[in-house]
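*Asks:* File coords-v1.cif follows (mmCIF, C-alpha atoms and all ligand atoms):
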```cif
data_protein
loop_
_atom_site.label_atom_id
_atom_site.label_comp_id
_atom_site.auth_asym_id
_atom_site.auth_seq_id
_atom_site.Cartn_x
_atom_site.Cartn_y
_atom_site.Cartn_z
CA MET A 200 -25.33 8.50 8.92
CA PRO A 201 -23.28 10.24 6.23
CA GLU A 202 -24.28 8.50 3.01
CA GLY A 203 -22.69 8.81 -0.40
CA PRO A 204 -23.85 12.37 -1.17
CA THR A 205 -22.76 13.69 2.21
CA VAL A 206 -19.39 12.06 1.78
CA ARG A 207 -19.18 13.74 -1.64
CA ARG A 208 -19.74 17.07 0.05
CA PHE A 209 -16.93 16.22 2.46
CA CYS A 210 -14.81 15.52 -0.60
CA SER A 211 -15.65 18.93 -2.07
CA LEU A 212 -14.58 20.52 1.22
CA VAL A 213 -11.20 18.84 1.20
CA SER A 214 -10.46 19.04 -2.54
CA PRO A 215 -9.27 22.70 -2.49
CA PHE A 216 -6.38 21.47 -0.30
CA VAL A 217 -5.11 19.01 -2.92
CA GLY A 218 -1.54 19.81 -3.91
CA GLN A 219 -0.64 21.28 -0.52
CA GLY A 220 1.72 19.95 2.09
CA VAL A 221 0.58 19.04 5.60
CA VAL A 222 2.42 21.41 7.94
CA SER A 223 1.36 19.82 11.21
CA VAL A 224 -1.06 17.18 12.49
CA SER A 225 -3.05 16.68 15.66
CA GLY A 226 -6.12 14.78 16.81
CA SER A 227 -7.33 12.11 19.20
CA THR A 228 -7.18 9.15 16.82
CA ARG A 229 -5.12 6.12 17.70
CA GLN A 230 -5.97 4.34 14.47
CA ILE A 231 -3.07 5.87 12.61
CA ALA A 232 0.26 7.37 13.67
CA LEU A 233 -0.21 11.13 13.33
CA GLN A 234 3.43 11.76 12.52
CA ASP A 235 3.03 9.66 9.36
CA LEU A 236 1.05 12.53 7.86
CA LYS A 237 3.40 15.32 8.79
CA GLU A 238 5.01 17.08 5.83
CA GLN A 239 3.20 14.76 3.43
CA LEU A 240 1.83 16.13 0.20
CA PHE A 241 -1.95 15.85 0.00
CA GLN A 242 -2.28 14.53 -3.55
CA ASP A 243 -5.83 13.49 -4.30
CA CYS A 244 -9.27 12.80 -2.88
CA GLN A 245 -11.95 10.37 -4.03
CA VAL A 246 -15.25 8.99 -2.83
CA HIS A 247 -16.23 5.35 -3.21
CA GLY A 248 -19.44 4.29 -1.55
CA LYS A 249 -19.55 5.86 1.87
CA ASN A 250 -15.80 6.09 2.13
CA LEU A 251 -13.67 9.13 1.56
CA TYR A 252 -10.12 8.46 0.38
CA LEU A 253 -7.31 10.98 0.68
CA ALA A 254 -3.98 10.27 -1.02
CA PHE A 255 -0.73 11.32 0.61
CA GLY A 256 2.87 10.90 -0.35
CA CYS A 257 6.17 12.64 -0.37
CA GLY A 258 6.47 14.92 -3.36
CA ILE A 259 10.01 13.90 -4.15
CA MET A 260 10.62 11.61 -7.10
CA GLU A 261 13.57 9.28 -6.89
CA GLN A 262 15.84 8.87 -9.90
CA VAL A 263 15.82 5.32 -11.16
CA PRO A 264 17.92 3.20 -13.50
CA SER A 265 16.03 2.73 -16.75
CA HIS A 266 16.84 -0.96 -17.29
CA GLU A 267 13.56 -2.21 -15.84
CA LEU A 268 11.30 0.49 -17.21
CA ASP A 269 10.03 -1.60 -20.14
CA ASP A 270 9.16 -4.24 -17.63
CA TRP A 271 7.10 -1.75 -15.67
CA GLU A 272 5.36 -0.21 -18.64
CA SER A 273 3.96 -3.51 -19.81
CA ASP A 274 2.51 -4.11 -16.37
CA GLY A 275 -1.08 -3.43 -17.37
CA SER A 276 -3.39 -0.53 -17.89
CA HIS A 277 -4.12 0.07 -14.23
CA GLY A 278 -0.42 0.48 -13.58
CA GLU A 279 0.04 2.81 -16.49
CA LYS A 280 -2.76 4.94 -15.19
CA SER A 281 -1.13 5.44 -11.84
CA LEU A 282 2.17 6.04 -13.55
CA LYS A 283 0.65 8.76 -15.73
CA ASP A 284 -1.21 10.25 -12.79
CA TRP A 285 2.01 10.49 -10.90
CA SER A 286 3.98 11.86 -13.84
CA LEU A 287 1.35 14.52 -14.43
CA SER A 288 1.20 15.57 -10.84
CA GLU A 289 4.96 15.72 -10.58
CA GLY A 290 5.69 17.07 -14.03
CA THR A 291 8.22 14.33 -14.69
CA ALA A 292 8.31 11.05 -16.52
CA ASP A 293 10.70 9.49 -14.06
CA VAL A 294 9.45 6.51 -12.15
CA SER A 295 10.58 5.58 -8.70
CA ASP A 296 11.95 2.18 -7.95
CA ASP A 297 9.14 1.04 -5.77
CA GLN A 298 6.41 2.48 -7.96
CA ARG A 299 7.83 0.53 -10.87
CA ASN A 300 7.79 -2.67 -8.91
CA LEU A 301 4.54 -2.79 -7.09
CA GLY A 302 2.35 -4.73 -9.48
CA THR A 303 -1.17 -3.41 -9.96
CA GLY A 304 -1.05 -1.80 -6.59
CA GLN A 305 2.02 -0.04 -7.89
CA GLY A 306 2.79 3.41 -6.81
CA ASN A 307 0.60 2.65 -3.89
CA LEU A 308 3.41 2.68 -1.44
CA LEU A 309 4.53 5.94 -2.91
CA ARG A 310 1.03 7.36 -2.85
CA LYS A 311 -0.79 6.12 0.21
CA TRP A 312 -4.52 6.34 0.65
CA LEU A 313 -6.16 7.14 3.94
CA ARG A 314 -9.69 5.78 4.01
CA PHE A 315 -12.29 7.50 6.18
CA HIS A 316 -15.57 5.96 7.24
CA PHE A 317 -17.91 8.30 9.03
CA GLY A 318 -20.05 5.86 10.98
CA LEU A 319 -23.22 7.46 12.33
CA TYR A 320 -22.15 10.99 13.19
CA GLY A 321 -18.87 11.61 11.43
CA SER A 322 -18.14 14.87 9.67
CA VAL A 323 -15.47 16.99 8.01
CA ARG A 324 -14.95 20.72 8.29
CA ALA A 325 -12.60 23.07 6.51
CA ASN A 326 -11.13 26.09 8.31
CA GLU A 327 -13.67 25.91 11.13
CA LEU A 328 -14.19 23.79 14.22
CA SER A 329 -17.37 22.05 15.22
CA ARG A 330 -19.02 23.73 18.23
CA ALA A 331 -21.11 22.14 20.98
CA LYS A 332 -24.79 22.42 20.16
CA GLN A 333 -25.96 21.56 23.63
CA GLY A 334 -24.59 21.00 27.10
CA ASN A 335 -24.06 17.56 28.58
CA LYS A 336 -25.98 16.26 31.63
CA ARG A 337 -23.90 18.37 33.98
CA GLY A 338 -24.53 21.42 31.86
CA ASP A 339 -21.01 21.62 30.47
CA TRP A 340 -20.66 22.86 26.94
CA ARG A 341 -17.79 21.05 25.41
CA ASP A 342 -16.81 21.28 21.78
CA PRO A 343 -16.37 17.94 20.01
CA LYS A 344 -12.76 16.77 19.77
CA PRO A 345 -11.38 16.30 16.27
CA ARG A 346 -10.16 12.79 15.54
CA LEU A 347 -7.76 14.32 13.06
CA ARG A 348 -6.71 17.83 12.24
CA LEU A 349 -4.46 18.60 9.27
CA ASN A 350 -2.89 22.04 9.26
CA PHE A 351 -1.79 23.62 6.01
CA ASP A 352 -0.03 26.84 5.13
CA GLY A 353 -1.78 30.10 5.84
CA GLU A 354 -3.53 28.82 8.99
CA ARG A 355 -5.91 26.79 6.87
CA PHE A 356 -6.94 23.40 8.18
CA LEU A 357 -9.14 20.35 7.78
CA VAL A 358 -10.80 18.63 10.76
CA PHE A 359 -12.35 15.18 10.83
CA TYR A 360 -14.83 14.17 13.55
CA ASN A 361 -16.19 10.80 14.69
CA CYS A 362 -14.65 8.82 11.88
CA ARG A 363 -12.65 5.66 11.50
CA MET A 364 -9.55 5.83 9.37
CA THR A 365 -7.14 3.28 7.95
CA TRP A 366 -4.33 3.28 5.44
CA CYS A 367 -4.87 1.30 2.28
CA SER A 368 -3.04 0.82 -0.99
CA SER A 369 -5.82 1.81 -3.37
CA PRO A 370 -9.43 2.99 -3.32
CA PHE A 371 -10.28 0.42 -6.01
CA VAL A 372 -9.19 -2.65 -4.16
CA GLU A 373 -11.30 -5.04 -2.16
CA PRO A 374 -9.88 -4.57 1.38
CA THR A 375 -9.75 -8.32 2.01
CA CYS A 376 -7.18 -8.64 -0.81
CA ASP A 377 -5.27 -5.49 0.11
CA ILE A 378 -2.02 -6.41 1.81
CA LEU A 379 -1.99 -3.08 3.68
CA SER A 380 -5.57 -3.24 4.91
CA PRO A 381 -6.37 -4.43 8.44
CA GLU A 382 -9.18 -6.36 6.73
CA PHE A 383 -6.73 -8.39 4.63
CA ASP A 384 -8.02 -11.96 4.71
CA LYS A 385 -5.13 -14.30 5.51
CA GLU A 386 -7.27 -17.42 5.07
CA LYS A 387 -8.26 -16.36 1.56
CA ALA A 388 -4.62 -15.55 0.75
CA LEU A 389 -3.52 -18.94 2.09
CA HIS A 390 -6.07 -20.69 -0.10
CA ALA A 391 -4.81 -18.82 -3.18
CA LEU A 392 -1.17 -19.61 -2.38
CA SER A 393 -1.83 -23.32 -1.88
CA HIS A 394 -2.73 -23.89 -5.55
CA PRO A 395 -0.41 -26.01 -7.73
CA ARG A 396 1.19 -22.89 -9.15
CA PRO A 397 4.62 -21.36 -8.50
CA VAL A 398 4.24 -19.19 -5.41
CA CYS A 399 6.01 -16.27 -7.08
CA PHE A 400 3.18 -16.07 -9.66
CA THR A 401 0.45 -16.09 -7.03
CA LEU A 402 2.20 -13.46 -4.91
CA MET A 403 2.19 -11.09 -7.90
CA ASP A 404 -1.46 -11.80 -8.67
CA GLN A 405 -3.25 -8.60 -7.71
CA ARG A 406 -6.57 -10.42 -7.32
CA HIS A 407 -5.11 -12.11 -4.25
CA PHE A 408 -2.24 -9.88 -3.10
CA SER A 409 -3.08 -6.36 -4.07
CA GLY A 410 -0.17 -4.07 -3.30
CA VAL A 411 2.50 -6.75 -3.58
CA GLY A 412 4.99 -6.11 -6.35
CA ASN A 413 8.35 -7.34 -7.52
CA ILE A 414 10.49 -6.03 -4.67
CA ILE A 415 8.15 -7.37 -2.02
CA LYS A 416 7.90 -10.70 -3.85
CA ASN A 417 11.68 -11.11 -3.97
CA GLU A 418 12.20 -10.08 -0.37
CA ILE A 419 9.50 -12.20 1.25
CA LEU A 420 10.44 -15.32 -0.72
CA PHE A 421 13.94 -14.88 0.63
CA LEU A 422 12.74 -14.17 4.18
CA ALA A 423 10.57 -17.32 4.07
CA GLN A 424 13.54 -19.23 2.52
CA THR A 425 11.35 -20.34 -0.36
CA HIS A 426 12.34 -20.88 -3.98
CA PRO A 427 10.27 -18.64 -6.29
CA LEU A 428 9.16 -21.58 -8.47
CA SER A 429 8.03 -23.83 -5.60
CA LEU A 430 4.50 -25.00 -6.23
CA GLY A 431 2.20 -23.76 -3.48
CA SER A 432 0.45 -27.12 -3.32
CA LEU A 433 3.72 -28.89 -2.40
CA LEU A 434 4.85 -26.45 0.28
CA PRO A 435 4.01 -27.05 3.95
CA ALA A 436 1.25 -24.82 5.32
CA GLU A 437 3.74 -23.23 7.76
CA THR A 438 5.81 -21.97 4.82
CA LEU A 439 2.76 -20.45 3.12
CA VAL A 440 1.70 -18.80 6.38
CA ALA A 441 5.26 -17.49 6.81
CA LEU A 442 5.13 -15.99 3.31
CA ILE A 443 1.89 -14.19 4.12
CA ASP A 444 3.18 -12.97 7.50
CA HIS A 445 6.38 -11.69 5.87
CA ALA A 446 4.33 -9.99 3.14
CA ILE A 447 2.24 -8.14 5.71
CA ALA A 448 5.18 -7.17 7.93
CA PHE A 449 7.47 -6.17 5.07
CA THR A 450 4.81 -4.03 3.40
CA ALA A 451 3.92 -2.32 6.68
CA ASP A 452 7.60 -1.60 7.38
CA TRP A 453 8.02 -0.20 3.91
CA LEU A 454 5.06 2.08 4.35
CA ARG A 455 6.41 3.29 7.69
CA ASN A 456 9.81 3.99 6.17
CA LYS A 457 8.25 5.64 3.14
CA MET A 458 6.21 7.95 5.31
CA GLN A 459 9.32 8.91 7.25
CA ARG A 460 11.22 9.29 3.98
CA LYS A 461 13.65 6.60 5.00
CA GLY A 462 15.17 4.14 2.58
CA LEU A 463 14.61 0.42 2.68
CA ARG A 464 17.37 -2.13 3.12
CA TYR A 465 16.95 -5.12 0.85
CA HIS A 466 18.00 -8.67 1.71
CA ILE A 467 18.05 -10.13 -1.80
CA TYR A 468 16.61 -7.66 -4.31
CA MET A 469 19.38 -6.52 -6.68
CA LYS A 470 22.01 -8.20 -4.50
CA GLU A 471 25.06 -10.12 -5.71
CA CYS A 472 25.26 -12.30 -2.60
CA CYS A 473 22.86 -13.25 0.18
CA GLY A 474 23.65 -12.45 3.83
CA LYS A 475 25.50 -15.77 4.14
CA GLY A 476 27.75 -14.95 1.19
CA HIS A 477 26.15 -17.29 -1.38
CA GLN A 478 25.99 -16.20 -5.01
CA VAL A 479 22.51 -14.89 -5.85
CA VAL A 480 20.75 -15.97 -9.07
CA LYS A 481 18.93 -13.34 -11.16
CA GLU A 482 16.33 -14.60 -13.64
CA ALA A 483 13.30 -13.24 -15.46
CA ILE A 484 10.45 -15.37 -14.14
CA GLY A 485 6.74 -15.15 -14.89
CA PRO A 486 3.69 -17.16 -15.94
CA PRO A 487 3.85 -18.82 -19.43
CA HIS A 488 1.77 -16.12 -21.10
CA GLY A 489 2.31 -13.38 -18.58
CA LEU A 490 4.87 -10.78 -17.67
CA LYS A 491 8.33 -12.02 -16.72
CA ARG A 492 9.80 -10.12 -13.78
CA LEU A 493 13.42 -10.03 -12.68
CA THR A 494 13.70 -12.34 -9.73
CA TRP A 495 16.66 -12.62 -7.37
CA TYR A 496 17.03 -15.69 -5.18
CA CYS A 497 19.68 -17.65 -3.35
CA PRO A 498 19.65 -21.25 -4.61
CA THR A 499 21.34 -22.36 -1.39
CA CYS A 500 19.06 -20.65 1.15
CA GLN A 501 15.91 -20.98 -0.97
CA LYS A 502 15.87 -24.67 -1.82
CA HIS A 503 13.65 -25.79 -4.67
CA VAL A 504 11.51 -28.54 -3.19
CA ASN A 505 9.83 -29.54 -6.43
CA PRO A 506 12.02 -28.57 -9.37
CA GLY A 507 10.68 -31.18 -11.80
CA GLU A 508 7.06 -30.10 -11.57
CA ALA A 509 7.74 -26.40 -11.83
CA GLU A 510 10.09 -26.49 -14.79
CA GLN A 511 8.41 -29.21 -16.82
CA PRO A 512 4.65 -28.81 -16.81
CA ILE A 513 2.89 -32.12 -17.28
CA VAL A 514 1.43 -32.33 -20.82
CA GLN A 515 -1.56 -34.59 -21.19
ZN ZN A 601 22.11 -17.89 0.70
#
```
Show this structure as structure tokens.
*Replies:*
Amino acid sequence: MPEGPTVRRFCSLVSPFVGQGVVSVSGSTRQIALQDLKEQLFQDCQVHGKNLYLAFGCGIMEQVPSHELDDWESDGSHGEKSLKDWSLSEGTADVSDDQRNLGTGQGNLLRKWLRFHFGLYGSVRANELSRAKQGNKRGDWRDPKPRLRLNFDGERFLVFYNCRMTWCSSPFVEPTCDILSPEFDKEKALHALSHPRPVCFTLMDQRHFSGVGNIIKNEILFLAQTHPLSLGSLLPAETLVALIDHAIAFTADWLRNKMQRKGLRYHIYMKECCGKGHQVVKEAIGPPHGLKRLTWYCPTCQKHVNPGEAEQPIVQ
């Protein structure tokens, strides 16, 4: 089984390809959509435990209005790190809209990580294919089939054998809290959301919803027709489940669009009116001693079920 050191060797094989664009993709895997990797820029590689993480993204920075930049910059050290990383790699200080708004998982939908686990026999090769070492029972000599092959310029390529792969938002995040991970634990998320705390605070809490940021927060609260300041403890379980389901679906859609370099259509974020024509409210909302984030909501579609409790904390 490839253990940490072997995986580090795999990392050293792939690292010379960092900074290059994927020209074409093939392989037998069904765990990811191969076309998602086509024409992506291979940005980084890291090893954590027995997992190899490769970062991909489009190399194009989107111009962004500066009015929310202060908001982003005070988002915490983790966020600043990814911001600097990105700025360095792109040679620009501009920040894209979604990177600015993705909480501690920020930038993660701009820079996606593909996590590889090599199971018992997995391996990576650079610019060479694995060859059959022995024949099968019928005496056929068949070369192993790559799960994934990434072709780069100059007929150079990387091949990955016998591995599992999944997209994730960050190598540093516990997969059960990672909104993009198939291991995301909905029960745990439901428990966190059901606390007597405004749901919009919990949704931005990266300990519970890593990868969720301000845009996702605004959009899923609208989709679940929930007021941002509703206390989780007073909302019906179906509403909390709907919020989680919307968070998963919306984030997955965004990733798919991002990988295909398509834009995202917002329902409420930065809108004047909701789809039904109601006037949208825009307010800076955040925990008492935490960061206030611009929040858009429709007071008609997103009824506040418990306004008293949320606005006037009980003082004992
Ligand atoms: Zn409305």
*Asks:* List as a PyMOL selection string the protein and nucleic acid residues near A:Asp243, meaning an atom at most 9 Å away when only C-alpha atoms are counted, but skip any in the same chain fewer than 2 places from it.
*Replies:* chain A and resi 214+216-218+241+245+252-255+312
*Asks:* Near A:Cys399, counting all atoms listed in the file, which residues have an atom at most 10 Å away, once you skip same-chain residues fewer than 3 positions from it, shown as a PyMOL selection string?
*Replies:* chain A and resi 392+396+402-404+413+416-417+419-420+425-431+484-486+492+494
*Asks:* Set out as a Markdown table a contact list for chain A and ligand ZN 601 (chain A) with a cut-off of 7 Å, giving each residue of chain A that qualifies its closest atom pair and distance in Å to one decimal, counting all atoms listed in the file, ordered by chain and rising residue number.
*Replies:*
```
| residue | atom | partner | partner_atom | distance |
| --- | --- | --- | --- | --- |
| A:Cys473 | CA | A:ZN601 | ZN | 4.7 |
| A:Gly474 | CA | A:ZN601 | ZN | 6.5 |
| A:Lys475 | CA | A:ZN601 | ZN | 5.3 |
| A:Gly476 | CA | A:ZN601 | ZN | 6.4 |
| A:His477 | CA | A:ZN601 | ZN | 4.6 |
| A:Cys497 | CA | A:ZN601 | ZN | 4.7 |
| A:Pro498 | CA | A:ZN601 | ZN | 6.7 |
| A:Thr499 | CA | A:ZN601 | ZN | 5.0 |
| A:Cys500 | CA | A:ZN601 | ZN | 4.1 |
```
*Asks:* Store the residues picked out above, limited to C-alpha atoms, as a CSV table (one decimal), in the frame of the given file.
*Replies:*
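Ended up saving to out.csv:
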```csv
chain,number,residue,atom,x,y,z
A,473,CYS,CA,22.9,-13.2,0.2
A,474,GLY,CA,23.6,-12.4,3.8
A,475,LYS,CA,25.5,-15.8,4.1
A,476,GLY,CA,27.8,-15.0,1.2
A,477,HIS,CA,26.2,-17.3,-1.4
A,497,CYS,CA,19.7,-17.6,-3.4
A,498,PRO,CA,19.6,-21.2,-4.6
A,499,THR,CA,21.3,-22.4,-1.4
A,500,CYS,CA,19.1,-20.6,1.2
```
*Asks:* What is the distance, in Å and to one decimal place, between atom CA of A:Ser329 and atom CA of A:Phe317?
*Replies:*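 Atom CA of A:Phe317 lies 15.1 Å from atom CA of A:Ser329.
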*Asks:* For A:Val504, which of A:Ala483, A:Ala448, A:Leu434, A:Ile378 is the closest residue, counting all atoms listed in the file?
*Replies:* A:Leu434
*Asks:* Between A:Tyr465, A:Lys502, A:Asp339, A:His445, single out the one closest to A:Gln424, counting only C-alpha atoms.
*Replies:*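 Ranking A:Tyr465, A:Lys502, A:Asp339, A:His445 by distance to A:Gln424, first place goes to A:Lys502.
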*Asks:* With 12 Å as the threshold, what does the neighbourhood of (0.4, 5.2, 12.7) contain in terms of residues, counting all atoms listed in the file? Coordinates are those of the file; answer as a VMD selection string.
*Replies:* chain A and resid 228 to 237 313 364 to 366 451 to 452 454 to 456 458 to 459
